[in-house]
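Structure file structure_14.pdb (PDB, C-alpha atoms) is printed below.
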ATOM      1  CA  MET A 226      -9.640  17.996   5.397
ATOM      2  CA  LEU A 227      -6.637  18.107   3.116
ATOM      3  CA  ASN A 228      -5.746  21.493   1.650
ATOM      4  CA  ALA A 229      -4.728  22.002  -1.978
ATOM      5  CA  GLY A 230      -1.060  21.082  -2.312
ATOM      6  CA  GLY A 231      -1.236  18.648   0.632
ATOM      7  CA  HIS A 232       0.021  15.086   0.293
ATOM      8  CA  VAL A 233      -1.327  11.640   1.177
ATOM      9  CA  TYR A 234       1.163   8.803   1.585
ATOM     10  CA  ILE A 235       0.124   5.153   1.535
ATOM     11  CA  GLY A 236       2.568   2.380   2.402
ATOM     12  CA  GLU A 237       1.319  -1.142   2.873
ATOM     13  CA  LEU A 238       1.843  -4.812   2.253
ATOM     14  CA  HIS A 239       1.690  -5.226  -1.510
ATOM     15  CA  PRO A 240      -1.676  -6.501  -2.807
ATOM     16  CA  TYR A 241       0.103  -9.342  -4.638
ATOM     17  CA  LYS A 242       1.407 -10.610  -1.291
ATOM     18  CA  GLN A 243      -2.113 -10.462   0.115
ATOM     19  CA  TYR A 244      -3.520 -12.357  -2.887
ATOM     20  CA  ALA A 245      -0.935 -15.054  -2.115
ATOM     21  CA  GLY A 246      -2.287 -15.322   1.464
ATOM     22  CA  THR A 247       0.282 -13.238   3.330
ATOM     23  CA  LYS A 248      -0.889 -10.896   6.093
ATOM     24  CA  ALA A 249       0.890  -8.122   7.930
ATOM     25  CA  ARG A 250       2.346  -9.524  11.156
ATOM     26  CA  PHE A 251       4.924  -8.703  13.787
ATOM     27  CA  GLU A 252       6.429 -10.121  16.970
ATOM     28  CA  THR A 253       5.824  -8.584  20.397
ATOM     29  CA  GLU A 254       6.567  -9.725  23.928
ATOM     30  CA  ASN A 255       3.103 -11.345  23.761
ATOM     31  CA  GLY A 256       4.011 -13.384  20.684
ATOM     32  CA  LEU A 257       3.113 -13.144  17.019
ATOM     33  CA  GLN A 258       0.510 -10.496  16.179
ATOM     34  CA  VAL A 259      -1.348 -10.978  12.868
ATOM     35  CA  LEU A 260      -3.315  -7.985  11.658
ATOM     36  CA  GLU A 261      -6.772  -8.082  10.147
ATOM     37  CA  CYS A 262      -6.226  -7.317   6.463
ATOM     38  CA  TYR A 263      -8.410  -6.093   3.634
ATOM     39  CA  ASN A 264      -7.414  -6.723   0.045
ATOM     40  CA  HIS A 265      -7.288  -3.620  -2.139
ATOM     41  CA  ASN A 266      -5.922  -3.715  -5.652
ATOM     42  CA  ILE A 267      -3.734  -0.950  -7.051
ATOM     43  CA  SER A 268      -6.431   0.410  -9.354
ATOM     44  CA  GLU A 269      -8.773   0.751  -6.358
ATOM     45  CA  PHE A 270      -6.290   3.099  -4.659
ATOM     46  CA  ILE A 271      -5.981   5.188  -7.824
ATOM     47  CA  GLN A 272      -9.727   5.335  -8.523
ATOM     48  CA  GLU A 273     -10.579   6.310  -4.940
ATOM     49  CA  ALA A 274      -7.930   9.033  -4.986
ATOM     50  CA  LYS A 275      -9.446  10.519  -8.151
ATOM     51  CA  LYS A 276     -12.800  10.884  -6.366
ATOM     52  CA  TYR A 277     -11.133  13.222  -3.880
ATOM     53  CA  GLU A 278      -9.098  15.166  -6.455
ATOM     54  CA  LEU A 279      -5.833  13.528  -5.511
ATOM     55  CA  MET A 280      -3.227  13.328  -8.244
ATOM     56  CA  LEU A 281      -0.725  10.468  -8.363
ATOM     57  CA  VAL A 282       2.767  11.819  -7.684
ATOM     58  CA  ASP A 283       4.741   8.601  -7.181
ATOM     59  CA  ILE A 284       4.263   4.850  -6.899
ATOM     60  CA  ASN A 285       6.886   2.260  -5.942
ATOM     61  CA  GLU A 286       7.143  -1.450  -5.245
ATOM     62  CA  TYR A 287       9.780  -2.818  -2.887
ATOM     63  CA  PHE A 288      11.132  -6.370  -3.053
ATOM     64  CA  ASP A 289      12.806  -8.607  -0.489
ATOM     65  CA  ASN A 290      16.567  -8.389  -1.041
ATOM     66  CA  ASP A 291      15.801  -6.210  -4.101
ATOM     67  CA  ASP A 292      14.966  -9.437  -5.994
ATOM     68  CA  LYS A 293      12.599  -8.296  -8.747
ATOM     69  CA  ALA A 294      11.991 -11.905  -9.805
ATOM     70  CA  THR A 295       9.823 -12.334  -6.679
ATOM     71  CA  ILE A 296       6.487 -10.880  -5.580
ATOM     72  CA  PRO A 297       6.934  -7.325  -4.264
ATOM     73  CA  ARG A 298       6.594  -6.969  -0.489
ATOM     74  CA  ILE A 299       5.634  -3.302  -0.078
ATOM     75  CA  LEU A 300       3.622  -0.864  -2.195
ATOM     76  CA  THR A 301       3.978   2.880  -1.645
ATOM     77  CA  ILE A 302       1.838   5.542  -3.278
ATOM     78  CA  LEU A 303       2.076   9.318  -2.948
ATOM     79  CA  PHE A 304      -0.843  11.551  -3.932
ATOM     80  CA  LYS A 305      -1.179  15.333  -4.007
ATOM     81  CA  LYS A 306      -4.394  17.302  -3.541
ATOM     82  CA  VAL A 307      -5.056  19.454  -6.601
TER      83      VAL A 307
END

Written form, structure tokens:
Amino acid sequence: MLNAGGHVYIGELHPYKQYAGTKARFETENGLQVLECYNHNISEFIQEAKKYELMLVDINEYFDNDDKATIPRILTILFKKV
């Protein structure tokens, strides 16, 4: 249970990347690991947060090489319990 004033941070592969077919993946000593992914759009995050009385504090999109002409790679969202 999150107390009033507590924060929830979400950082994940941007939904636009997922729509384009990209999945979270990383290399290990056992080779390439591709994670099972579920597509969630930005409004879904916001609407679900409202159900639990979480207020949006901050939202950011991060781009490869800070190139804003491309699809963002990472989405971060910070909520606060009211």

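Straight-line separation from atom CA of A:Gly256 to atom CA of A:Leu238: 20.4 Å.
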
List, as a list in words, every residue that the PyMOL selection byres ((chain A and resi 233) around 9) selects in the file provided.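 For this structure, the PyMOL selection byres ((chain A and resi 233) around 9) captures Leu227, Gly231, His232, Tyr234, Ile235, Leu279, Ile302, Leu303, Phe304, Lys305 and Lys306 of chain A.
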
Using atom CA of A:Leu300 and atom CA of A:Asn285 as the two end points, give the distance in Å to one decimal.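 Value for the atom CA of A:Leu300-atom CA of A:Asn285 distance: 5.9 Å.
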
For A:His265, which residue out of A:His239, A:Arg250, A:Thr301, A:Leu281 is the nearest one, using all atoms listed in the file?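 That would be A:His239, the residue with the smallest distance to A:His265.
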
Once the PyMOL selection byres ((chain A and resi 288) around 10) has been evaluated on this model, what residues remain selected, and can you format them as a PyMOL selection string? chain A and resi 239+286-287+289-300

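The space separating atom CA of A:Tyr241 from atom CA of A:Leu257 comes to 22.2 Å.
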
Suppose a student applies the PyMOL selection byres ((chain A and resi 259) around 10) to this structure; what residues should they get, written as a ChimeraX atom specification? /A:247-252,256-258,260-262

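Shortest separation to A:Ile271 among A:Ala245, A:Ile284, A:Val307, A:Ala229 occurs at residue A:Ile284, atoms counted being all atoms listed in the file.
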
Pick from A:Asn255, A:Asn266, A:Gln272, A:Asn228: nearest to A:Gln243, with all atoms listed in the file counted?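 Comparing A:Asn255, A:Asn266, A:Gln272, A:Asn228 against A:Gln243, the winner is A:Asn266.
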
Nearest to A:Ile267 among A:Asp283, A:Gly246, A:Glu254, A:Pro240, with distances taken over only C-alpha atoms: which residue is it?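 Answer, going by the shortest atom-to-atom distance: A:Pro240.
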